[in-house]
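Here's structure-v8.csv, which has CSV, N, CA and C atoms:
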```csv
chain,number,residue,atom,x,y,z
A,5,MET,N,-12.7,-49.9,-13.1
A,5,MET,CA,-12.3,-49.3,-11.9
A,5,MET,C,-13.5,-49.2,-11.0
A,6,LYS,N,-13.4,-49.7,-9.8
A,6,LYS,CA,-14.5,-49.6,-8.8
A,6,LYS,C,-14.8,-48.2,-8.4
A,7,LEU,N,-16.0,-48.0,-7.9
A,7,LEU,CA,-16.5,-46.7,-7.5
A,7,LEU,C,-15.6,-46.1,-6.4
A,8,ASP,N,-15.2,-46.9,-5.4
A,8,ASP,CA,-14.3,-46.4,-4.4
A,8,ASP,C,-13.0,-46.0,-4.9
A,9,SER,N,-12.4,-46.7,-5.9
A,9,SER,CA,-11.2,-46.3,-6.5
A,9,SER,C,-11.3,-45.0,-7.3
A,10,GLN,N,-12.4,-44.9,-8.0
A,10,GLN,CA,-12.7,-43.7,-8.7
A,10,GLN,C,-12.8,-42.4,-7.8
A,11,ILE,N,-13.5,-42.6,-6.7
A,11,ILE,CA,-13.6,-41.5,-5.7
A,11,ILE,C,-12.3,-41.1,-5.2
A,12,LYS,N,-11.4,-42.1,-4.8
A,12,LYS,CA,-10.1,-41.8,-4.2
A,12,LYS,C,-9.3,-41.1,-5.3
A,13,HIS,N,-9.3,-41.5,-6.5
A,13,HIS,CA,-8.6,-40.9,-7.6
A,13,HIS,C,-9.1,-39.5,-7.8
A,14,PHE,N,-10.4,-39.3,-7.9
A,14,PHE,CA,-10.9,-37.9,-8.1
A,14,PHE,C,-10.5,-37.0,-6.9
A,15,THR,N,-10.6,-37.6,-5.7
A,15,THR,CA,-10.2,-36.8,-4.5
A,15,THR,C,-8.7,-36.3,-4.6
A,16,LYS,N,-7.9,-37.3,-4.9
A,16,LYS,CA,-6.4,-36.9,-5.0
A,16,LYS,C,-6.2,-35.8,-6.1
A,17,ILE,N,-6.8,-36.0,-7.2
A,17,ILE,CA,-6.7,-35.0,-8.3
A,17,ILE,C,-7.2,-33.6,-7.8
A,18,SER,N,-8.3,-33.6,-7.1
A,18,SER,CA,-8.9,-32.4,-6.6
A,18,SER,C,-8.1,-31.7,-5.6
A,19,LEU,N,-7.5,-32.5,-4.7
A,19,LEU,CA,-6.7,-31.9,-3.6
A,19,LEU,C,-5.4,-31.4,-4.2
A,20,ASP,N,-4.8,-32.1,-5.2
A,20,ASP,CA,-3.6,-31.6,-5.9
A,20,ASP,C,-3.9,-30.3,-6.6
A,21,LYS,N,-5.0,-30.2,-7.2
A,21,LYS,CA,-5.4,-28.9,-7.9
A,21,LYS,C,-5.6,-27.8,-6.9
A,22,ALA,N,-6.2,-28.1,-5.8
A,22,ALA,CA,-6.5,-27.1,-4.8
A,22,ALA,C,-5.1,-26.6,-4.2
A,23,ASN,N,-4.2,-27.5,-3.9
A,23,ASN,CA,-2.9,-27.1,-3.4
A,23,ASN,C,-2.2,-26.3,-4.4
A,24,SER,N,-2.2,-26.6,-5.6
A,24,SER,CA,-1.6,-25.9,-6.7
A,24,SER,C,-2.2,-24.4,-6.7
A,25,ALA,N,-3.5,-24.3,-6.6
A,25,ALA,CA,-4.1,-23.0,-6.7
A,25,ALA,C,-3.7,-22.2,-5.5
A,26,VAL,N,-3.7,-22.7,-4.3
A,26,VAL,CA,-3.3,-22.0,-3.1
A,26,VAL,C,-1.8,-21.5,-3.3
A,27,LYS,N,-1.0,-22.3,-3.7
A,27,LYS,CA,0.4,-21.9,-3.9
A,27,LYS,C,0.5,-20.8,-5.0
A,28,ARG,N,-0.2,-20.9,-6.1
A,28,ARG,CA,-0.1,-20.0,-7.2
A,28,ARG,C,-0.7,-18.6,-6.7
A,29,VAL,N,-1.8,-18.6,-6.1
A,29,VAL,CA,-2.4,-17.3,-5.6
A,29,VAL,C,-1.5,-16.7,-4.6
A,30,THR,N,-1.0,-17.4,-3.6
A,30,THR,CA,-0.2,-16.9,-2.5
A,30,THR,C,1.1,-16.3,-3.1
A,31,LYS,N,1.8,-17.1,-3.9
A,31,LYS,CA,3.1,-16.7,-4.5
A,31,LYS,C,2.8,-15.4,-5.4
A,32,GLY,N,1.8,-15.5,-6.3
A,32,GLY,CA,1.6,-14.4,-7.2
A,32,GLY,C,1.2,-13.1,-6.4
A,33,THR,N,0.4,-13.2,-5.4
A,33,THR,CA,0.0,-12.0,-4.6
A,33,THR,C,1.2,-11.4,-3.9
A,34,MET,N,2.0,-12.3,-3.3
A,34,MET,CA,3.2,-11.8,-2.6
A,34,MET,C,4.2,-11.1,-3.6
A,35,GLU,N,4.4,-11.7,-4.7
A,35,GLU,CA,5.3,-11.1,-5.7
A,35,GLU,C,4.7,-9.8,-6.2
A,36,ASP,N,3.4,-9.7,-6.3
A,36,ASP,CA,2.8,-8.4,-6.6
A,36,ASP,C,3.1,-7.3,-5.6
A,37,ILE,N,3.0,-7.7,-4.3
A,37,ILE,CA,3.3,-6.8,-3.2
A,37,ILE,C,4.7,-6.2,-3.4
A,38,ILE,N,5.7,-7.1,-3.7
A,38,ILE,CA,7.1,-6.7,-3.9
A,38,ILE,C,7.2,-5.7,-5.1
A,39,ARG,N,6.5,-6.1,-6.2
A,39,ARG,CA,6.6,-5.3,-7.4
A,39,ARG,C,6.0,-3.9,-7.1
A,40,LYS,N,5.0,-3.8,-6.3
A,40,LYS,CA,4.3,-2.5,-6.0
A,40,LYS,C,5.0,-1.7,-4.9
A,41,THR,N,6.0,-2.3,-4.2
A,41,THR,CA,6.6,-1.6,-3.1
A,41,THR,C,7.5,-0.5,-3.6
A,42,ALA,N,7.4,0.7,-3.1
A,42,ALA,CA,8.2,1.8,-3.5
A,42,ALA,C,9.7,1.5,-3.2
A,43,VAL,N,10.5,1.8,-4.2
A,43,VAL,CA,11.9,1.6,-4.1
A,43,VAL,C,12.7,2.9,-4.1
A,44,ASP,N,13.4,3.2,-3.0
A,44,ASP,CA,14.2,4.3,-2.9
A,44,ASP,C,15.7,3.8,-2.7
A,45,THR,N,15.9,3.2,-1.6
A,45,THR,CA,17.3,2.6,-1.3
A,45,THR,C,17.3,1.1,-1.5
A,46,GLY,N,16.1,0.5,-1.5
A,46,GLY,CA,15.9,-0.9,-1.6
A,46,GLY,C,15.8,-1.6,-0.3
A,47,LEU,N,15.9,-0.9,0.8
A,47,LEU,CA,15.7,-1.5,2.1
A,47,LEU,C,14.3,-2.0,2.4
A,48,LEU,N,13.3,-1.2,2.1
A,48,LEU,CA,11.9,-1.6,2.3
A,48,LEU,C,11.6,-2.8,1.5
A,49,VAL,N,11.9,-2.8,0.2
A,49,VAL,CA,11.5,-3.9,-0.7
A,49,VAL,C,12.2,-5.2,-0.4
A,50,ASN,N,13.4,-5.1,0.2
A,50,ASN,CA,14.1,-6.3,0.5
A,50,ASN,C,13.9,-6.8,1.9
A,51,ASN,N,13.0,-6.2,2.6
A,51,ASN,CA,12.8,-6.6,4.0
A,51,ASN,C,11.4,-7.2,4.2
A,52,TRP,N,10.8,-7.7,3.1
A,52,TRP,CA,9.5,-8.5,3.2
A,52,TRP,C,10.0,-9.9,3.6
A,53,ILE,N,9.5,-10.3,4.8
A,53,ILE,CA,9.9,-11.6,5.3
A,53,ILE,C,8.7,-12.6,5.2
A,54,THR,N,8.9,-13.7,4.5
A,54,THR,CA,7.8,-14.7,4.3
A,54,THR,C,8.1,-15.8,5.3
A,55,SER,N,7.1,-16.3,6.0
A,55,SER,CA,7.2,-17.4,6.9
A,55,SER,C,6.0,-18.2,6.9
A,56,LYS,N,6.1,-19.4,7.4
A,56,LYS,CA,5.0,-20.4,7.5
A,56,LYS,C,4.8,-20.6,9.0
A,57,GLY,N,3.5,-20.6,9.4
A,57,GLY,CA,3.1,-20.9,10.8
A,57,GLY,C,3.0,-19.7,11.7
A,58,ASN,N,4.1,-18.9,11.8
A,58,ASN,CA,4.2,-17.7,12.7
A,58,ASN,C,4.8,-16.6,12.0
A,59,PRO,N,4.4,-15.4,12.2
A,59,PRO,CA,5.1,-14.2,11.6
A,59,PRO,C,6.5,-14.0,12.2
A,60,GLU,N,7.3,-13.4,11.3
A,60,GLU,CA,8.7,-13.0,11.8
A,60,GLU,C,8.7,-11.5,11.7
A,61,PHE,N,9.3,-10.9,12.7
A,61,PHE,CA,9.3,-9.5,12.8
A,61,PHE,C,10.7,-8.9,12.8
A,62,LYS,N,11.6,-9.6,12.1
A,62,LYS,CA,13.0,-9.1,12.1
A,62,LYS,C,13.2,-8.1,11.0
A,63,VAL,N,14.2,-7.3,11.1
A,63,VAL,CA,14.7,-6.4,10.1
A,63,VAL,C,16.2,-6.6,10.1
A,64,ASP,N,16.6,-7.5,9.2
A,64,ASP,CA,18.1,-7.8,9.2
A,64,ASP,C,18.7,-7.9,7.8
A,65,ARG,N,17.9,-7.5,6.8
A,65,ARG,CA,18.4,-7.6,5.4
A,65,ARG,C,19.0,-6.2,5.0
A,66,LEU,N,19.9,-6.3,4.1
A,66,LEU,CA,20.6,-5.1,3.5
A,66,LEU,C,19.7,-4.6,2.4
A,67,ALA,N,19.9,-3.3,2.0
A,67,ALA,CA,19.2,-2.7,0.9
A,67,ALA,C,19.5,-3.5,-0.4
A,68,ASP,N,18.5,-3.7,-1.2
A,68,ASP,CA,18.7,-4.4,-2.5
A,68,ASP,C,17.5,-4.1,-3.3
A,69,GLU,N,17.7,-3.2,-4.3
A,69,GLU,CA,16.6,-2.8,-5.1
A,69,GLU,C,15.9,-3.9,-5.9
A,70,SER,N,16.6,-5.0,-6.1
A,70,SER,CA,16.1,-6.2,-6.8
A,70,SER,C,15.2,-7.1,-5.9
A,71,ALA,N,15.2,-6.8,-4.6
A,71,ALA,CA,14.5,-7.6,-3.6
A,71,ALA,C,14.8,-9.0,-3.6
A,72,SER,N,16.0,-9.4,-3.9
A,72,SER,CA,16.4,-10.8,-4.1
A,72,SER,C,16.1,-11.6,-2.8
A,73,ASP,N,16.3,-11.1,-1.6
A,73,ASP,CA,16.1,-11.9,-0.4
A,73,ASP,C,14.6,-12.1,-0.2
A,74,SER,N,13.8,-11.0,-0.5
A,74,SER,CA,12.3,-11.1,-0.3
A,74,SER,C,11.7,-12.1,-1.3
A,75,LEU,N,12.2,-12.1,-2.5
A,75,LEU,CA,11.7,-13.0,-3.5
A,75,LEU,C,12.1,-14.5,-3.2
A,76,GLN,N,13.3,-14.6,-2.7
A,76,GLN,CA,13.8,-16.0,-2.4
A,76,GLN,C,13.0,-16.5,-1.2
A,77,GLY,N,12.6,-15.7,-0.3
A,77,GLY,CA,11.8,-16.1,0.9
A,77,GLY,C,10.4,-16.6,0.4
A,78,ILE,N,9.8,-15.9,-0.5
A,78,ILE,CA,8.6,-16.3,-1.1
A,78,ILE,C,8.7,-17.7,-1.7
A,79,ASN,N,9.7,-17.8,-2.6
A,79,ASN,CA,9.9,-19.1,-3.2
A,79,ASN,C,10.2,-20.3,-2.3
A,80,ASP,N,11.0,-20.0,-1.2
A,80,ASP,CA,11.3,-21.1,-0.3
A,80,ASP,C,10.0,-21.5,0.5
A,81,VAL,N,9.2,-20.6,0.9
A,81,VAL,CA,8.0,-21.0,1.6
A,81,VAL,C,6.9,-21.6,0.7
A,82,THR,N,6.7,-21.0,-0.4
A,82,THR,CA,5.6,-21.6,-1.3
A,82,THR,C,5.9,-22.9,-1.9
A,83,LYS,N,7.2,-23.1,-2.3
A,83,LYS,CA,7.5,-24.4,-3.0
A,83,LYS,C,7.4,-25.5,-2.0
A,84,ASN,N,7.6,-25.3,-0.7
A,84,ASN,CA,7.5,-26.4,0.3
A,84,ASN,C,6.2,-26.5,1.0
A,85,TYR,N,5.2,-25.7,0.5
A,85,TYR,CA,3.9,-25.8,1.1
A,85,TYR,C,3.1,-26.9,0.5
A,86,THR,N,2.7,-27.9,1.3
A,86,THR,CA,2.0,-29.1,0.8
A,86,THR,C,0.6,-29.2,1.5
A,87,LYS,N,-0.1,-30.2,1.1
A,87,LYS,CA,-1.4,-30.4,1.7
A,87,LYS,C,-1.3,-30.6,3.2
A,88,LYS,N,-0.2,-31.2,3.7
A,88,LYS,CA,0.0,-31.3,5.1
A,88,LYS,C,0.0,-30.0,5.8
A,89,ASP,N,0.3,-28.9,5.1
A,89,ASP,CA,0.4,-27.6,5.7
A,89,ASP,C,-0.9,-26.8,5.7
A,90,TRP,N,-1.9,-27.4,5.1
A,90,TRP,CA,-3.2,-26.7,5.0
A,90,TRP,C,-3.7,-26.3,6.4
A,91,GLY,N,-4.2,-25.2,6.6
A,91,GLY,CA,-4.6,-24.7,7.9
A,91,GLY,C,-3.5,-23.9,8.6
A,92,MET,N,-2.3,-24.0,8.1
A,92,MET,CA,-1.2,-23.3,8.6
A,92,MET,C,-1.0,-22.0,7.8
A,93,SER,N,-0.9,-20.9,8.5
A,93,SER,CA,-0.9,-19.6,7.8
A,93,SER,C,0.5,-19.4,7.2
A,94,ILE,N,0.5,-18.7,6.0
A,94,ILE,CA,1.7,-18.1,5.4
A,94,ILE,C,1.7,-16.6,5.7
A,95,TRP,N,2.8,-16.2,6.3
A,95,TRP,CA,2.9,-14.8,6.7
A,95,TRP,C,3.8,-14.0,5.8
A,96,MET,N,3.5,-12.7,5.6
A,96,MET,CA,4.5,-11.8,4.9
A,96,MET,C,4.5,-10.6,5.7
A,97,THR,N,5.6,-10.2,6.3
A,97,THR,CA,5.7,-9.1,7.2
A,97,THR,C,6.8,-8.2,6.7
A,98,ASN,N,6.7,-6.9,7.1
A,98,ASN,CA,7.7,-5.9,6.9
A,98,ASN,C,7.8,-5.1,8.1
A,99,SER,N,8.8,-5.2,8.9
A,99,SER,CA,8.8,-4.5,10.2
A,99,SER,C,9.6,-3.2,10.2
A,100,LEU,N,10.0,-2.7,9.1
A,100,LEU,CA,10.7,-1.5,9.0
A,100,LEU,C,9.7,-0.4,9.6
A,101,HIS,N,10.2,0.5,10.4
A,101,HIS,CA,9.4,1.5,11.1
A,101,HIS,C,8.5,2.3,10.1
A,102,TYR,N,8.9,2.5,8.9
A,102,TYR,CA,8.1,3.4,8.0
A,102,TYR,C,7.3,2.6,7.0
A,103,ALA,N,7.2,1.3,7.1
A,103,ALA,CA,6.5,0.4,6.1
A,103,ALA,C,5.0,0.8,6.1
A,104,ASN,N,4.4,1.0,7.3
A,104,ASN,CA,3.0,1.3,7.4
A,104,ASN,C,2.7,2.7,6.7
A,105,ALA,N,3.6,3.6,6.9
A,105,ALA,CA,3.4,5.0,6.3
A,105,ALA,C,3.4,4.9,4.8
A,106,ILE,N,4.3,4.0,4.3
A,106,ILE,CA,4.3,3.8,2.8
A,106,ILE,C,3.0,3.2,2.3
A,107,GLU,N,2.6,2.1,3.1
A,107,GLU,CA,1.4,1.4,2.7
A,107,GLU,C,0.2,2.4,2.7
A,108,MET,N,0.1,3.3,3.7
A,108,MET,CA,-1.1,4.2,3.8
A,108,MET,C,-0.9,5.4,2.9
A,109,GLY,N,0.2,5.5,2.2
A,109,GLY,CA,0.3,6.6,1.2
A,109,GLY,C,0.7,7.9,1.8
A,110,THR,N,1.1,7.9,3.1
A,110,THR,CA,1.5,9.2,3.7
A,110,THR,C,2.9,9.5,3.6
A,111,ARG,N,3.7,8.6,3.1
A,111,ARG,CA,5.2,8.9,3.1
A,111,ARG,C,5.8,8.8,1.7
A,112,SER,N,5.1,8.3,0.7
A,112,SER,CA,5.7,8.1,-0.6
A,112,SER,C,4.7,8.4,-1.7
A,113,LYS,N,5.2,9.1,-2.7
A,113,LYS,CA,4.4,9.3,-3.9
A,113,LYS,C,4.6,8.2,-4.9
A,114,LYS,N,5.6,7.3,-4.6
A,114,LYS,CA,5.8,6.2,-5.5
A,114,LYS,C,4.8,5.0,-5.4
A,115,SER,N,4.2,4.9,-4.2
A,115,SER,CA,3.1,3.9,-4.0
A,115,SER,C,1.9,4.5,-3.3
A,116,PRO,N,1.3,5.5,-4.0
A,116,PRO,CA,0.2,6.2,-3.3
A,116,PRO,C,-1.0,5.4,-2.9
A,117,GLN,N,-1.2,4.2,-3.5
A,117,GLN,CA,-2.3,3.4,-3.2
A,117,GLN,C,-1.9,2.2,-2.3
A,118,GLY,N,-0.6,2.3,-1.9
A,118,GLY,CA,-0.1,1.2,-1.1
A,118,GLY,C,0.4,0.0,-2.0
A,119,MET,N,0.8,-1.0,-1.4
A,119,MET,CA,1.3,-2.2,-2.1
A,119,MET,C,0.6,-3.4,-1.6
A,120,LEU,N,0.3,-3.5,-0.4
A,120,LEU,CA,-0.3,-4.7,0.2
A,120,LEU,C,-1.8,-4.7,-0.1
A,121,ARG,N,-2.5,-3.7,0.2
A,121,ARG,CA,-3.9,-3.6,0.0
A,121,ARG,C,-4.3,-3.9,-1.4
A,122,ILE,N,-3.7,-3.2,-2.3
A,122,ILE,CA,-4.0,-3.3,-3.7
A,122,ILE,C,-3.7,-4.7,-4.3
A,123,SER,N,-2.6,-5.2,-3.8
A,123,SER,CA,-2.2,-6.6,-4.3
A,123,SER,C,-3.2,-7.6,-3.8
A,124,VAL,N,-3.7,-7.5,-2.6
A,124,VAL,CA,-4.7,-8.5,-2.1
A,124,VAL,C,-6.0,-8.3,-2.8
A,125,LEU,N,-6.4,-7.1,-3.1
A,125,LEU,CA,-7.6,-6.9,-3.9
A,125,LEU,C,-7.5,-7.5,-5.3
A,126,GLU,N,-6.3,-7.5,-5.8
A,126,GLU,CA,-6.1,-8.0,-7.2
A,126,GLU,C,-5.8,-9.5,-7.2
A,127,SER,N,-5.7,-10.1,-6.0
A,127,SER,CA,-5.2,-11.5,-6.0
A,127,SER,C,-6.1,-12.5,-6.8
A,128,PRO,N,-7.4,-12.3,-6.9
A,128,PRO,CA,-8.2,-13.3,-7.7
A,128,PRO,C,-7.7,-13.5,-9.1
A,129,LYS,N,-6.9,-12.6,-9.7
A,129,LYS,CA,-6.4,-12.8,-11.0
A,129,LYS,C,-5.5,-14.0,-11.1
A,130,HIS,N,-4.9,-14.4,-10.0
A,130,HIS,CA,-4.0,-15.5,-10.0
A,130,HIS,C,-4.7,-16.9,-10.1
A,131,LEU,N,-6.0,-16.9,-9.8
A,131,LEU,CA,-6.8,-18.1,-9.9
A,131,LEU,C,-7.0,-18.5,-11.4
A,132,LYS,N,-7.0,-17.5,-12.2
A,132,LYS,CA,-7.3,-17.7,-13.6
A,132,LYS,C,-6.1,-18.3,-14.4
A,133,LYS,N,-4.9,-18.3,-13.9
A,133,LYS,CA,-3.8,-18.8,-14.6
A,133,LYS,C,-3.8,-20.3,-14.7
```
As structure tokens:
Amino acid sequence: MKLDSQIKHFTKISLDKANSAVKRVTKGTMEDIIRKTAVDTGLLVNNWITSKGNPEFKVDRLADESASDSLQGINDVTKNYTKKDWGMSIWMTNSLHYANAIEMGTRSKKSPQGMLRISVLESPKHLKK
């Protein structure tokens, strides 16, 4: 194998591994956020909206303690994230009026340390998988 072929092969493998790591860390961190979200009626946990490129600020999901819509949104965005999307932000928003109060620990004893901040701080654990 010629040197240029070896370099191209190594580059492809490296980029594939990098893309896989980005997807794994992003998906894992977002799933952690959902797992750490306080659940009362299920409205907050099921209104995490995942999007690519631009944030979405809608609140249109029904209460669901299993967070099925939120989890499906994460899967849909991360499974379709490719090297062509590098540089494009992946967003996770929750526009319910009380989401910030839950995050800051002023409204719920179920998530006193928040869900977003702690999950982001713990995100490096997903690199090790």
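The shortest atom-to-atom distance to Thr30 (chain A), with all atoms listed in the file taken into account, belongs to A:Ser127 out of A:Asn104, A:Asn51, A:Ser127, A:Thr110.
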Apply DSSP to the backbone of this structure and, from region 76-122 of chain A, keep only the residues in helix (DSSP H, G or I); write these as a CSV table (one decimal) with N, CA and C atoms, keeping the file's coordinate frame.
```csv
chain,number,residue,atom,x,y,z
A,76,GLN,N,13.3,-14.6,-2.7
A,76,GLN,CA,13.8,-16.0,-2.4
A,76,GLN,C,13.0,-16.5,-1.2
A,77,GLY,N,12.6,-15.7,-0.3
A,77,GLY,CA,11.8,-16.1,0.9
A,77,GLY,C,10.4,-16.6,0.4
A,78,ILE,N,9.8,-15.9,-0.5
A,78,ILE,CA,8.6,-16.3,-1.1
A,78,ILE,C,8.7,-17.7,-1.7
A,79,ASN,N,9.7,-17.8,-2.6
A,79,ASN,CA,9.9,-19.1,-3.2
A,79,ASN,C,10.2,-20.3,-2.3
A,80,ASP,N,11.0,-20.0,-1.2
A,80,ASP,CA,11.3,-21.1,-0.3
A,80,ASP,C,10.0,-21.5,0.5
A,81,VAL,N,9.2,-20.6,0.9
A,81,VAL,CA,8.0,-21.0,1.6
A,81,VAL,C,6.9,-21.6,0.7
A,82,THR,N,6.7,-21.0,-0.4
A,82,THR,CA,5.6,-21.6,-1.3
A,82,THR,C,5.9,-22.9,-1.9
A,83,LYS,N,7.2,-23.1,-2.3
A,83,LYS,CA,7.5,-24.4,-3.0
A,83,LYS,C,7.4,-25.5,-2.0
A,87,LYS,N,-0.1,-30.2,1.1
A,87,LYS,CA,-1.4,-30.4,1.7
A,87,LYS,C,-1.3,-30.6,3.2
A,88,LYS,N,-0.2,-31.2,3.7
A,88,LYS,CA,0.0,-31.3,5.1
A,88,LYS,C,0.0,-30.0,5.8
A,89,ASP,N,0.3,-28.9,5.1
A,89,ASP,CA,0.4,-27.6,5.7
A,89,ASP,C,-0.9,-26.8,5.7
A,103,ALA,N,7.2,1.3,7.1
A,103,ALA,CA,6.5,0.4,6.1
A,103,ALA,C,5.0,0.8,6.1
A,104,ASN,N,4.4,1.0,7.3
A,104,ASN,CA,3.0,1.3,7.4
A,104,ASN,C,2.7,2.7,6.7
A,105,ALA,N,3.6,3.6,6.9
A,105,ALA,CA,3.4,5.0,6.3
A,105,ALA,C,3.4,4.9,4.8
A,106,ILE,N,4.3,4.0,4.3
A,106,ILE,CA,4.3,3.8,2.8
A,106,ILE,C,3.0,3.2,2.3
A,107,GLU,N,2.6,2.1,3.1
A,107,GLU,CA,1.4,1.4,2.7
A,107,GLU,C,0.2,2.4,2.7
A,120,LEU,N,0.3,-3.5,-0.4
A,120,LEU,CA,-0.3,-4.7,0.2
A,120,LEU,C,-1.8,-4.7,-0.1
A,121,ARG,N,-2.5,-3.7,0.2
A,121,ARG,CA,-3.9,-3.6,0.0
A,121,ARG,C,-4.3,-3.9,-1.4
A,122,ILE,N,-3.7,-3.2,-2.3
A,122,ILE,CA,-4.0,-3.3,-3.7
A,122,ILE,C,-3.7,-4.7,-4.3
```
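Taking CA of Leu47 (chain A) and CA of Asn84 (chain A) as the two end points, the separation is 26.3 Å.
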Run DSSP on the backbone of this structure and report the residues of region 78-108 of chain A it assigns to strand (DSSP E), as a list in words.
Ile94, Trp95, Met96 and Thr97 of chain A
List the neighbours of Lys114 (chain A) out to 12 Å using only C-alpha atoms; skip same-chain residues closer than 3 positions along the sequence, and give me the result as a ChimeraX atom specification.
/A:39-44,106-111,117-119
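Between Ser70 (chain A) and the candidates A:Ser99, A:Thr54, A:Thr82, A:Thr45, the tightest atom-to-atom separation, counting only C-alpha atoms, involves A:Thr45.
Using only N, CA and C atoms, the shortest contact distance between Phe61 (chain A) and any of A:Asp89, A:Ala105, A:Leu100, A:Arg121 is found at A:Leu100.
Distances from A:Ser93, A:Ser72, A:Thr86, A:Thr33 to Lys56 (chain A) were compared using all atoms listed in the file, and the smallest one belongs to A:Ser93.
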Give as a PyMOL selection string each residue that has an atom at most 6 Å from (19.1, -3.0, 1.2) in the file, counting only C-alpha atoms.
chain A and resi 46-47+66-68
I need the residues from that last selection saved to file as a CSV table (one decimal), keeping the file's coordinate frame (with N, CA and C atoms), if you can.
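What ended up in out.csv:
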```csv
chain,number,residue,atom,x,y,z
A,46,GLY,N,16.1,0.5,-1.5
A,46,GLY,CA,15.9,-0.9,-1.6
A,46,GLY,C,15.8,-1.6,-0.3
A,47,LEU,N,15.9,-0.9,0.8
A,47,LEU,CA,15.7,-1.5,2.1
A,47,LEU,C,14.3,-2.0,2.4
A,66,LEU,N,19.9,-6.3,4.1
A,66,LEU,CA,20.6,-5.1,3.5
A,66,LEU,C,19.7,-4.6,2.4
A,67,ALA,N,19.9,-3.3,2.0
A,67,ALA,CA,19.2,-2.7,0.9
A,67,ALA,C,19.5,-3.5,-0.4
A,68,ASP,N,18.5,-3.7,-1.2
A,68,ASP,CA,18.7,-4.4,-2.5
A,68,ASP,C,17.5,-4.1,-3.3
```
Between A:Ile53, A:Ile122, A:Lys87, A:Met96, which is the closest to Ala22 (chain A) once you count all atoms listed in the file?
A:Lys87
As an exercise, work out the distance from CA of Gln10 (chain A) to CA of Ala25 (chain A) in Å and give it to one decimal place.
22.5 Å
Pairwise distance, atom N of Thr97 (chain A) with CA of Gly77 (chain A), equals 10.1 Å
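The residue that comes closest to Ser74 (chain A), out of A:Val29, A:Pro116, A:Lys132, A:Val49 and on the basis of all atoms listed in the file, is A:Val49.
Within 7 Å of the point (-1.7, -33.9, -2.5), and counting all atoms listed in the file, the protein, DNA and RNA residues are A:Lys16, A:Leu19, A:Asp20, A:Lys21, A:Asn23, A:Thr86, A:Lys87, A:Lys88.
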